[in-house]
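Dropping model-v8.cif in here (mmCIF, C-alpha atoms and all ligand atoms):
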data_query
loop_
_atom_site.label_atom_id
_atom_site.label_comp_id
_atom_site.auth_asym_id
_atom_site.auth_seq_id
_atom_site.Cartn_x
_atom_site.Cartn_y
_atom_site.Cartn_z
CA MET A 726 0.00 0.00 0.00
CA LEU A 727 1.25 3.42 -0.83
CA SER A 728 1.74 5.73 2.06
CA ARG A 729 0.93 9.37 1.81
CA CYS A 730 3.23 11.82 0.16
CA ARG A 731 3.50 14.97 2.19
CA LEU A 732 4.08 18.15 0.25
CA ILE A 733 5.82 21.12 1.69
CA PRO A 734 3.64 24.20 1.62
CA GLY A 735 5.35 26.96 -0.27
CA SER A 736 7.71 24.54 -1.91
CA GLN A 737 9.94 26.15 -4.48
CA LEU A 738 8.12 24.27 -7.17
CA GLY A 739 4.72 25.20 -5.88
CA PHE A 740 3.34 21.74 -6.33
CA VAL A 741 0.11 20.89 -4.60
CA ALA A 742 -0.39 17.26 -3.84
CA GLN A 743 -3.12 15.03 -2.68
CA PRO A 744 -2.86 11.90 -0.66
CA SER A 745 -1.93 8.98 -2.82
CA PRO A 746 -4.60 6.40 -3.22
CA ALA A 747 -3.99 2.92 -1.99
CA PHE A 748 -3.51 0.47 -4.81
CA SER A 749 -2.57 -3.08 -4.75
CA SER A 750 -0.17 -4.46 -7.27
CA PHE A 751 -1.22 -4.07 -10.92
CA ARG A 752 -4.18 -1.89 -10.00
CA VAL A 753 -2.91 0.95 -11.98
CA SER A 754 -4.10 3.53 -14.35
CA ALA A 755 -2.10 4.98 -17.16
CA THR A 756 -3.61 8.44 -17.20
CA ARG A 757 -1.66 11.07 -19.03
CA SER A 758 -0.44 14.22 -17.46
CA SER A 759 -0.87 17.92 -17.81
CA THR A 760 1.21 20.92 -16.96
CA SER A 761 0.28 23.18 -14.09
CA LYS A 762 -0.18 26.92 -14.44
CA ARG A 763 3.21 27.43 -12.84
CA GLY A 764 4.82 25.21 -15.37
CA PHE A 765 5.49 22.35 -13.01
CA HIS A 766 4.57 19.00 -14.34
CA VAL A 767 1.59 17.64 -12.47
CA ALA A 768 0.12 14.25 -13.08
CA SER A 769 -3.55 14.56 -13.85
CA SER A 770 -3.96 11.14 -12.29
CA LEU A 771 -3.48 12.76 -8.92
CA ARG A 772 -6.54 14.84 -9.45
CA GLU A 773 -8.73 12.56 -11.42
CA LYS A 774 -10.66 9.56 -10.52
CA ILE A 775 -8.64 6.45 -11.04
CA GLN A 776 -9.84 3.86 -13.48
CA SER A 777 -11.52 0.88 -12.12
CA PRO A 778 -8.86 -1.76 -11.44
CA SER A 779 -10.73 -4.22 -13.56
CA THR A 780 -10.25 -2.06 -16.64
CA VAL A 781 -6.50 -1.86 -16.34
CA LYS A 782 -4.22 -4.27 -18.08
CA GLN A 783 -0.76 -5.03 -16.79
CA GLY A 784 0.73 -4.85 -20.26
CA ALA A 785 -0.46 -1.26 -20.58
CA VAL A 786 1.20 -0.40 -17.30
CA ASN A 787 4.49 -1.85 -18.37
CA GLY A 788 4.25 -0.04 -21.68
CA ASP A 789 3.47 3.33 -20.15
CA ALA A 790 6.00 2.85 -17.38
CA HIS A 791 8.64 1.91 -19.91
CA LYS A 792 7.95 4.97 -22.04
CA ALA A 793 7.98 7.29 -19.02
CA LEU A 794 11.16 5.76 -17.66
CA SER A 795 12.92 6.12 -20.99
CA GLU A 796 12.33 9.89 -20.96
CA ILE A 797 13.38 10.72 -17.42
CA ALA A 798 16.29 9.95 -15.14
CA PHE A 799 17.07 9.55 -11.47
CA ALA A 800 19.96 10.60 -9.29
CA PHE A 801 20.01 8.64 -6.06
CA ASP A 802 21.88 9.70 -3.00
CA ILE A 803 23.13 6.57 -1.19
CA ASP A 804 23.52 7.00 2.60
CA GLY A 805 20.13 7.51 4.20
CA VAL A 806 18.35 6.77 0.90
CA LEU A 807 19.25 3.24 -0.18
CA TYR A 808 20.30 2.18 3.28
CA GLN A 809 20.48 3.40 6.81
CA GLY A 810 23.67 2.37 8.54
CA SER A 811 24.05 -1.21 7.33
CA ARG A 812 20.33 -1.84 6.84
CA PRO A 813 19.05 -1.63 3.28
CA ILE A 814 15.75 0.18 2.74
CA PRO A 815 13.09 -2.52 2.12
CA GLY A 816 12.22 -2.74 -1.56
CA ALA A 817 15.12 -0.58 -2.74
CA ARG A 818 16.94 -3.48 -4.38
CA GLU A 819 13.87 -4.72 -6.23
CA MET A 820 12.95 -1.18 -7.31
CA LEU A 821 16.43 -0.67 -8.80
CA ARG A 822 16.17 -3.95 -10.69
CA LYS A 823 12.78 -2.87 -11.96
CA ILE A 824 13.82 0.52 -13.30
CA ARG A 825 16.97 -1.05 -14.76
CA ALA A 826 14.81 -3.61 -16.57
CA HIS A 827 12.82 -0.72 -18.02
CA ASP A 828 16.01 0.91 -19.29
CA ALA A 829 15.80 3.94 -17.03
CA ARG A 830 18.81 6.19 -16.82
CA TYR A 831 20.12 6.73 -13.32
CA VAL A 832 23.26 7.44 -11.33
CA PHE A 833 24.21 7.20 -7.68
CA LEU A 834 25.31 10.66 -6.66
CA THR A 835 26.94 10.54 -3.27
CA ASN A 836 29.04 12.94 -1.29
CA GLY A 837 30.99 9.96 -0.01
CA GLY A 838 34.55 9.70 -1.15
CA GLY A 839 38.08 8.69 -0.29
CA SER A 840 37.81 5.42 -2.18
CA HIS A 841 37.54 4.20 -5.75
CA GLU A 842 34.17 4.21 -7.51
CA ASP A 843 34.47 0.45 -7.97
CA ALA A 844 34.97 -0.05 -4.23
CA LYS A 845 31.75 1.86 -3.62
CA PHE A 846 30.03 -0.23 -6.29
CA ARG A 847 31.10 -3.42 -4.52
CA SER A 848 30.09 -2.19 -1.06
CA LEU A 849 26.72 -0.92 -2.29
CA SER A 850 26.05 -4.21 -4.10
CA LYS A 851 26.87 -6.13 -0.94
CA ARG A 852 24.73 -3.94 1.29
CA LEU A 853 21.78 -4.26 -1.04
CA GLY A 854 22.31 -8.02 -1.35
CA MET A 855 23.04 -7.89 -5.08
CA SER A 856 25.51 -9.85 -7.12
CA GLU A 857 28.39 -7.88 -8.59
CA ASP A 858 27.50 -9.50 -11.91
CA GLU A 859 24.20 -7.65 -12.04
CA ASP A 860 24.32 -4.65 -14.31
CA VAL A 861 22.39 -2.44 -11.92
CA ILE A 862 25.00 -0.42 -10.02
CA ARG A 863 28.29 -0.79 -11.89
CA ASN A 864 29.60 2.32 -13.66
CA ARG A 865 26.88 4.49 -12.19
CA ILE A 866 28.64 5.68 -9.03
CA ILE A 867 29.61 9.35 -8.79
CA LEU A 868 31.62 10.13 -5.66
CA SER A 869 32.30 13.63 -4.41
CA HIS A 870 35.69 13.70 -6.13
CA THR A 871 34.77 11.79 -9.30
CA PRO A 872 34.53 15.04 -11.37
CA MET A 873 38.32 15.38 -10.86
CA ARG A 874 38.69 12.58 -13.37
CA GLY A 875 37.92 15.21 -15.98
CA TRP A 876 40.44 17.78 -14.75
CA ASP A 877 43.21 19.05 -16.97
CA GLU A 878 45.61 16.20 -17.75
CA GLN A 879 48.64 18.48 -17.97
CA MET A 880 48.07 19.78 -14.46
CA LYS A 881 47.63 16.23 -13.16
CA LYS A 882 50.86 15.13 -14.81
CA GLN A 883 53.04 18.04 -13.79
CA GLY A 884 51.65 19.39 -10.53
CA THR A 885 52.14 18.13 -7.00
CA VAL A 886 49.03 17.78 -4.84
CA LEU A 887 48.57 17.28 -1.13
CA ILE A 888 45.78 14.80 -0.64
CA THR A 889 44.02 13.94 2.56
CA GLY A 890 40.88 12.23 3.74
CA SER A 891 39.72 9.41 5.96
CA HIS A 892 42.34 7.04 4.55
CA PRO A 893 44.97 9.18 2.87
CA GLU A 894 46.90 6.27 1.38
CA THR A 895 43.76 4.91 -0.29
CA ALA A 896 42.93 8.41 -1.52
CA ARG A 897 46.43 8.71 -2.96
CA ARG A 898 46.10 5.45 -4.87
CA VAL A 899 42.79 6.58 -6.34
CA ALA A 900 44.26 9.98 -7.19
CA ASN A 901 47.11 8.22 -9.01
CA GLU A 902 44.51 6.26 -10.97
CA TYR A 903 42.76 9.56 -11.84
CA GLY A 904 46.08 10.72 -13.31
CA PHE A 905 47.57 12.78 -10.47
CA GLU A 906 51.17 11.60 -10.78
CA ARG A 907 52.57 13.42 -7.74
CA ALA A 908 50.23 13.01 -4.79
CA VAL A 909 51.65 13.64 -1.33
CA THR A 910 49.93 12.70 1.94
CA PRO A 911 50.39 14.23 5.40
CA ALA A 912 52.13 10.96 6.38
CA ASP A 913 54.78 11.55 3.72
CA ILE A 914 55.44 15.00 5.15
CA ILE A 915 55.91 13.92 8.79
CA GLU A 916 58.00 10.99 7.60
CA ALA A 917 60.19 13.44 5.67
CA ASN A 918 60.50 15.80 8.65
CA ASP A 919 59.09 14.95 12.07
CA LYS A 920 59.57 18.57 13.21
CA VAL A 921 56.49 19.48 11.15
CA TYR A 922 54.28 17.96 13.82
CA PRO A 923 55.95 18.01 17.25
CA PHE A 924 53.43 15.79 19.00
CA ASP A 925 52.60 12.14 19.36
CA ASN A 926 51.23 11.09 16.04
CA LEU A 927 49.48 8.20 14.40
CA ARG A 928 52.45 6.76 12.54
CA GLU A 929 51.67 3.29 13.83
CA SER A 930 48.13 3.39 12.51
CA LEU A 931 46.58 6.03 10.24
CA HIS A 932 49.93 7.34 8.98
CA LYS A 933 51.66 3.98 8.85
CA GLU A 934 52.03 4.03 5.09
CA SER A 935 54.11 6.74 3.49
CA ARG A 936 56.19 7.30 0.40
CA PRO A 937 59.28 9.39 -0.23
CA LEU A 938 58.49 12.88 -1.50
CA PRO A 939 58.37 13.07 -5.31
CA ASP A 940 61.42 14.06 -7.35
CA GLY A 941 63.71 13.85 -4.30
CA LYS A 942 62.08 16.89 -2.66
CA ILE A 943 62.61 17.58 1.04
CA VAL A 944 60.88 19.39 3.89
CA SER A 945 63.69 21.44 5.37
CA ASN A 946 63.63 23.06 8.81
CA THR A 947 66.58 25.30 8.07
CA ILE A 948 64.89 27.55 5.50
CA ASP A 949 64.54 31.23 6.36
CA PRO A 950 60.74 31.25 6.19
CA TYR A 951 60.59 34.80 4.78
CA SER A 952 63.33 34.35 2.19
CA LYS A 953 62.21 34.09 -1.39
CA ASP A 954 65.44 32.33 -2.23
CA VAL A 955 63.87 28.92 -1.76
CA PRO A 956 66.12 25.85 -2.22
CA ALA A 957 65.45 24.02 -5.48
CA ASN A 958 64.72 20.78 -3.64
CA ALA A 959 62.07 22.29 -1.31
CA LEU A 960 58.66 20.64 -1.53
CA LYS A 961 56.15 22.79 -3.38
CA ILE A 962 52.45 21.90 -3.34
CA ASP A 963 50.29 23.11 -6.24
CA GLN A 964 46.84 21.98 -5.06
CA ILE A 965 45.36 20.83 -1.77
CA LEU A 966 42.68 18.16 -2.11
CA VAL A 967 40.51 17.18 0.86
CA TRP A 968 38.69 14.11 -0.44
CA ASN A 969 36.52 13.23 2.52
CA ASP A 970 36.40 13.57 6.28
CA PRO A 971 39.94 13.48 7.66
CA ARG A 972 40.61 11.44 10.79
CA ASP A 973 43.61 13.42 12.01
CA TRP A 974 42.25 16.96 12.07
CA SER A 975 45.17 18.27 14.10
CA LEU A 976 47.90 17.25 11.64
CA ASP A 977 45.85 18.08 8.58
CA ILE A 978 44.89 21.56 9.81
CA GLN A 979 48.53 22.22 10.66
CA VAL A 980 49.86 21.19 7.24
CA ILE A 981 47.07 22.90 5.30
CA HIS A 982 47.53 26.06 7.32
CA ASP A 983 51.31 25.95 6.65
CA LEU A 984 50.60 25.85 2.93
CA LEU A 985 47.99 28.62 3.05
CA ILE A 986 50.44 31.04 4.70
CA SER A 987 53.39 29.97 2.53
CA HIS A 988 55.15 31.71 -0.32
CA ARG A 989 53.84 30.01 -3.49
CA GLY A 990 53.18 26.69 -1.77
CA TYR A 991 56.74 25.97 -0.58
CA LEU A 992 56.35 24.17 2.71
CA GLY A 993 58.22 25.91 5.54
CA THR A 994 58.01 29.41 4.03
CA ILE A 995 55.82 32.36 4.98
CA SER A 996 54.48 34.91 2.51
CA ASP A 997 55.37 38.55 3.18
CA LYS A 998 51.99 39.49 1.71
CA ASN A 999 50.10 37.97 4.64
CA GLY A 1000 48.21 40.67 6.52
CA ASN A 1001 48.89 43.40 3.94
CA SER A 1002 45.75 45.49 4.15
CA SER A 1003 46.35 47.08 0.74
CA LEU A 1004 45.73 43.70 -0.89
CA PRO A 1005 42.48 41.77 -1.33
CA ASN A 1006 41.58 39.61 1.67
CA ASN A 1007 44.31 41.52 3.58
CA GLY A 1008 46.98 39.72 1.61
CA TRP A 1009 45.95 36.25 2.75
CA GLN A 1010 46.09 33.61 0.01
CA GLN A 1011 47.37 36.28 -2.41
CA ASP A 1012 50.87 34.90 -3.04
CA GLY A 1013 50.39 31.87 -5.25
CA GLN A 1014 49.45 29.56 -2.39
CA PRO A 1015 47.87 26.30 -3.54
CA PRO A 1016 44.12 26.41 -4.10
CA ILE A 1017 42.22 24.19 -1.69
CA TRP A 1018 39.49 21.87 -2.98
CA ILE A 1019 37.07 20.27 -0.57
CA SER A 1020 35.15 17.35 -2.03
CA ASN A 1021 32.17 17.44 0.27
CA LEU A 1022 30.80 20.03 2.66
CA ASP A 1023 28.19 17.91 4.44
CA LEU A 1024 28.24 18.90 8.10
CA LEU A 1025 26.26 15.84 9.16
CA TRP A 1026 25.46 12.35 8.02
CA LYS A 1027 23.24 9.59 9.22
CA THR A 1028 24.45 6.31 10.64
CA GLU A 1029 22.80 3.70 12.83
CA TYR A 1030 23.64 5.86 15.85
CA PRO A 1031 20.59 7.87 16.89
CA VAL A 1032 22.31 11.25 16.67
CA ASN A 1033 23.69 12.53 13.34
CA ARG A 1034 27.50 12.32 12.99
CA PHE A 1035 29.94 14.95 11.75
CA GLY A 1036 31.10 14.81 8.15
CA THR A 1037 33.74 16.62 6.12
CA GLY A 1038 31.88 19.91 6.55
CA ALA A 1039 32.68 19.82 10.25
CA PHE A 1040 36.39 19.55 9.44
CA VAL A 1041 36.06 22.54 7.11
CA GLU A 1042 34.35 24.57 9.84
CA ALA A 1043 37.22 23.75 12.18
CA LEU A 1044 39.75 24.76 9.52
CA LYS A 1045 37.87 28.01 8.90
CA GLY A 1046 37.83 28.70 12.63
CA VAL A 1047 41.58 28.20 13.01
CA TRP A 1048 42.19 30.27 9.86
CA ALA A 1049 40.06 33.14 11.13
CA ALA A 1050 41.78 33.03 14.53
CA SER A 1051 45.30 33.00 13.10
CA THR A 1052 44.71 35.66 10.43
CA GLY A 1053 42.65 38.13 12.42
CA GLY A 1054 39.41 37.17 10.72
CA ALA A 1055 40.40 36.53 7.09
CA GLU A 1056 38.02 34.56 5.02
CA LEU A 1057 39.18 31.10 3.98
CA GLN A 1058 39.07 30.95 0.20
CA PHE A 1059 38.38 27.48 -1.11
CA SER A 1060 36.51 25.59 -3.82
CA ALA A 1061 34.09 22.79 -3.24
CA LEU A 1062 32.91 19.73 -5.12
CA GLY A 1063 30.07 17.40 -4.25
CA LYS A 1064 26.47 18.26 -3.65
CA PRO A 1065 25.03 20.96 -3.58
CA PHE A 1066 27.55 22.48 -6.00
CA ARG A 1067 26.70 23.02 -9.62
CA HIS A 1068 29.87 21.41 -10.95
CA THR A 1069 28.80 18.07 -9.48
CA TYR A 1070 25.23 18.29 -10.80
CA GLN A 1071 26.53 19.23 -14.24
CA TYR A 1072 28.85 16.23 -14.18
CA ALA A 1073 25.94 13.96 -13.20
CA HIS A 1074 23.74 15.50 -15.88
CA ASP A 1075 26.37 14.86 -18.55
CA ARG A 1076 26.76 11.27 -17.35
CA LEU A 1077 22.99 10.76 -17.63
CA LEU A 1078 22.94 12.21 -21.13
CA ASN A 1079 25.84 9.97 -22.15
CA HIS A 1080 24.45 7.06 -20.26
CA ARG A 1081 25.51 4.27 -22.55
CA GLY A 1082 28.95 5.59 -23.27
CA GLN A 1083 30.40 5.01 -26.68
CA GLY A 1084 28.15 4.48 -29.62
CA ASP A 1085 25.03 5.96 -28.07
CA LYS A 1086 23.83 9.36 -29.10
CA LYS A 1087 22.82 11.75 -26.37
CA ARG A 1088 19.17 11.19 -25.59
CA PRO A 1089 17.50 14.32 -24.26
CA LEU A 1090 15.99 14.16 -20.80
CA LYS A 1091 12.55 15.41 -19.90
CA ARG A 1092 13.15 15.53 -16.20
CA VAL A 1093 15.66 14.31 -13.62
CA TYR A 1094 14.52 13.36 -10.13
CA MET A 1095 17.07 13.78 -7.34
CA ILE A 1096 16.24 11.56 -4.40
CA GLY A 1097 18.05 12.50 -1.22
CA ASP A 1098 17.86 12.64 2.55
CA ASN A 1099 19.83 15.83 3.10
CA PRO A 1100 18.07 19.15 2.43
CA GLU A 1101 21.31 21.14 2.61
CA SER A 1102 23.07 19.16 -0.10
CA ASP A 1103 20.79 16.82 -2.12
CA ILE A 1104 17.74 19.07 -2.18
CA ARG A 1105 19.43 22.43 -2.37
CA GLY A 1106 21.67 21.32 -5.22
CA ALA A 1107 18.82 19.92 -7.30
CA ASN A 1108 16.66 23.00 -6.67
CA GLU A 1109 19.41 25.38 -7.74
CA PHE A 1110 20.66 23.41 -10.73
CA ALA A 1111 19.32 24.53 -14.09
CA PRO A 1112 21.25 22.86 -16.91
CA ASP A 1113 21.71 24.71 -20.18
CA ASP A 1114 19.58 22.17 -22.07
CA GLY A 1115 16.54 23.19 -20.04
CA THR A 1116 15.99 19.85 -18.32
CA GLN A 1117 14.13 20.22 -15.05
CA TRP A 1118 15.69 18.73 -11.94
CA ILE A 1119 13.11 17.90 -9.27
CA SER A 1120 14.04 17.18 -5.66
CA ILE A 1121 12.45 14.48 -3.53
CA LEU A 1122 13.28 14.25 0.18
CA VAL A 1123 13.04 10.89 1.94
CA LYS A 1124 12.50 10.40 5.65
CA THR A 1125 14.98 7.56 6.11
CA GLY A 1126 18.05 9.71 6.61
CA VAL A 1127 19.40 12.96 7.99
CA TRP A 1128 16.24 15.02 7.92
CA LYS A 1129 13.64 14.53 10.60
CA GLU A 1130 10.63 16.70 11.25
CA THR A 1131 10.84 18.04 14.79
CA ALA A 1132 8.83 20.48 16.85
CA ALA A 1133 11.61 23.03 16.34
CA GLN A 1134 12.01 22.36 12.62
CA ARG A 1135 8.78 21.48 10.87
CA GLU A 1136 10.16 22.05 7.41
CA PRO A 1137 13.58 21.57 5.89
CA ARG A 1138 15.58 24.69 5.16
CA TYR A 1139 15.72 23.82 1.49
CA LYS A 1140 12.31 22.69 0.42
CA PRO A 1141 11.87 19.71 -1.88
CA ALA A 1142 9.01 19.20 -4.31
CA VAL A 1143 7.77 16.49 -2.01
CA VAL A 1144 8.64 14.57 1.15
CA VAL A 1145 8.03 10.83 1.01
CA ASP A 1146 8.64 7.92 3.34
CA ASP A 1147 11.43 6.24 1.41
CA VAL A 1148 13.13 5.74 -1.93
CA VAL A 1149 10.50 3.35 -3.30
CA GLU A 1150 7.80 5.92 -2.61
CA ALA A 1151 10.00 8.50 -4.27
CA ILE A 1152 10.00 6.57 -7.54
CA ALA A 1153 6.27 5.93 -7.30
CA TRP A 1154 5.74 9.68 -6.86
CA ALA A 1155 8.00 10.50 -9.80
CA MET A 1156 6.15 8.04 -12.01
CA ARG A 1157 2.85 9.54 -10.95
CA ASN A 1158 4.24 12.95 -11.80
CA GLU A 1159 4.92 11.56 -15.26
CA GLY A 1160 1.32 10.48 -15.53
CA VAL A 1161 1.80 6.80 -14.82
CA GLU A 1162 0.34 5.24 -11.74
CA VAL A 1163 2.52 2.54 -10.31
CA THR A 1164 2.30 1.05 -6.88
CA ARG A 1165 4.93 0.27 -4.33
CA ASP A 1166 4.14 -3.40 -4.89
CA TRP A 1167 4.78 -3.06 -8.61
CA LEU A 1168 8.07 -1.31 -8.06
CA ALA A 1169 9.30 -3.57 -5.28
CA ALA A 1170 8.09 -6.91 -6.62
CA SER A 1171 10.79 -9.54 -6.86
CA GLU A 1172 11.66 -10.61 -10.40
CA GLU A 1173 9.76 -13.88 -10.24
CA ASP A 1174 6.60 -11.84 -9.66
CA TRP A 1175 7.15 -9.62 -12.68
CA VAL A 1176 4.54 -10.04 -15.34
MG MG A 1201 22.61 10.95 2.31
#
The structure given in the file should be rewritten as C-alpha cells.
Ligand SMILES: [Mg+2]
Amino acid sequence: MLSRCRLIPGSQLGFVAQPSPAFSSFRVSATRSSTSKRGFHVASSLREKIQSPSTVKQGAVNGDAHKALSEIAFAFDIDGVLYQGSRPIPGAREMLRKIRAHDARYVFLTNGGGSHEDAKFRSLSKRLGMSEDEDVIRNRIILSHTPMRGWDEQMKKQGTVLITGSHPETARRVANEYGFERAVTPADIIEANDKVYPFDNLRESLHKESRPLPDGKIVSNTIDPYSKDVPANALKIDQILVWNDPRDWSLDIQVIHDLLISHRGYLGTISDKNGNSSLPNNGWQQDGQPPIWISNLDLLWKTEYPVNRFGTGAFVEALKGVWAASTGGAELQFSALGKPFRHTYQYAHDRLLNHRGQGDKKRPLKRVYMIGDNPESDIRGANEFAPDDGTQWISILVKTGVWKETAAQREPRYKPAVVVDDVVEAIAWAMRNEGVEVTRDWLAASEEDWV
C-alpha cells in the first residue's frame, strides 16, 4: 500500500499534492499528465478519478512505465536513501532492478569519497544483497571527487598535490589512478620531517604508510621562512585536495595552514603578503598559495547511531575557525565539489545524457529526479541546478536519513518538491508525476513476480 506523500507548503516548485490512493499491485491507471499553471509537471492522475482496477491491463502499465522511464532519469543519494547504517531500505533493491529492466537512466550521486568508484560499487552491491555480476549499479557511481577525473591532464601530470581524507593512502592510490602523478599525503610529510608535527602522532596506525616525497624533494627546517630564495629541492604543493572527512584533524589543519600562509606553496616558508591590508583579503592567500578543494561540505550524516554524525563539513568549519583566529578574521578561500555544487550536478547530468557511453547518441531528458535525505546538499543542489539544455531537476526528500521533522524544525531549510517515506515511494511519486500510476508493490516486486 502506498503511504501518503507529504508536500511542503510553499515549496519552491509550488506543487500541490493530494494523498496517494492505496492500490494493490497491478491496480494501476495509465492516465496522461498535464502541466500546471506554474509550469510544473503535475500528473492529472493525482486529481482525477482512477480507473476501475478491472479495466487496467498489466501490459499497458508496463508499456506506459517503460515509455515514461525512458524519458526521465534519477539521481540517487546513497547514505540515508538506499540504506540506513548497514540496513538496506526494504524494496530498494527490487525497485532498482525494476527501473533497470525498463532501461531507465540513473546514477548514484553521493558525497561519499576517499575510495575508488568500484569499491563503492562493490560495497553498495553487498549492502543491497546484489551480485556484482548484475548490471544495476556498476559504472553508475559518482563520488564527491569523481569530477576530478575530468580535470586538466597536464596539471595532473606536472603538478604536486597534497591529498588527505579518511584514509589518505587509499585516496592517494585513487588519485594516481585519476592521473595525479605526484600526490603527497600528510604521512609523507611527517616521515620526511618529524619537526612538522611536534606531538605524538598516528604513525603506527593512520599514517603507517608513506612514500618518499616526489622528485627527491625535502621538507627542510633550516629555511629562512621569509626568504624568497627557496632551495630548489624544497617541496612545493600546487593543489590541496581534501577528499573526505579526515581522521587526524590536528595534523591536517597544521599542514594545510602551513601551505595557506606559505610563499607560493613551498612548505616551511611564509608569505610577506600575509596581513597586507592594501591587498584583497588583507593579503591572505594572495601569493600563489595552492588552491584548496574540498570534495564534500556535508556537516552531518546519518548512521545507525541515533544522533547525526559529523562529516567533512565539520572539518572545514574547524579549519575556517583556526584560519580566522590566526589571520585576524580573514576569510578562507576554497573551492568545493560534491552536492550541492553546480559542478557536481553538471557532471551527473552529462553522465545521464551519455548514459551508454560510446556508440550511443545523447538522448535528451525530460526531467531528472534527485532523491536525497539531506536538504542542505541533495535538495538544495537539485533545486538550484538549471542545466543549459533546459531539463528540469526535481528534488524528492526521503524520511529515512538525515532530515527529521521536529517540533523546532517542521520544514527543511531547502524545500523539496515532495517529502516521502522512502526511496520506493519517491520513484512511485516521480512516475505519478509523469502520468503513470505505479504502486509500491509493482516497483518492489521480486523478479519472479514480474509479469
Ligand atoms: Mg545521504
Query raised in the report: Which residues form the shell of 12 Å around ligand MG 1201 (chain A) when you count only C-alpha atoms and all ligand atoms, given as a ChimeraX atom specification?
Result: /A:800-810,833-837,1021,1023-1028,1033-1034,1036,1063-1065,1095-1104,1122-1128,1148
**Report entry** Best match for closeness to Glu1109 in chain A among A:Ser811, A:Gln979, A:Asn1079, A:Gln1071, counting all atoms listed in the file
**Finding:**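 Of A:Ser811, A:Gln979, A:Asn1079, A:Gln1071, the one nearest Glu1109 in chain A is A:Gln1071, counting all atoms listed in the file.
Here CA of Pro815 in chain A stands at a distance of 13.6 Å from CA of Ile1152 in chain A.
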Query - Expected residue set, 7 Å radius at (37.6, 25.0, 4.2), all atoms listed in the file, as an NGL selection string - result: :A and (1019 or 1041-1042 or 1044-1045 or 1057 or 1059)
Query raised in the report: With distances taken over all atoms listed in the file, which of A:Ala1055, A:Val899, A:Leu887, A:Ala793 is nearest to Trp1018 in chain A?
Result: A:Leu887
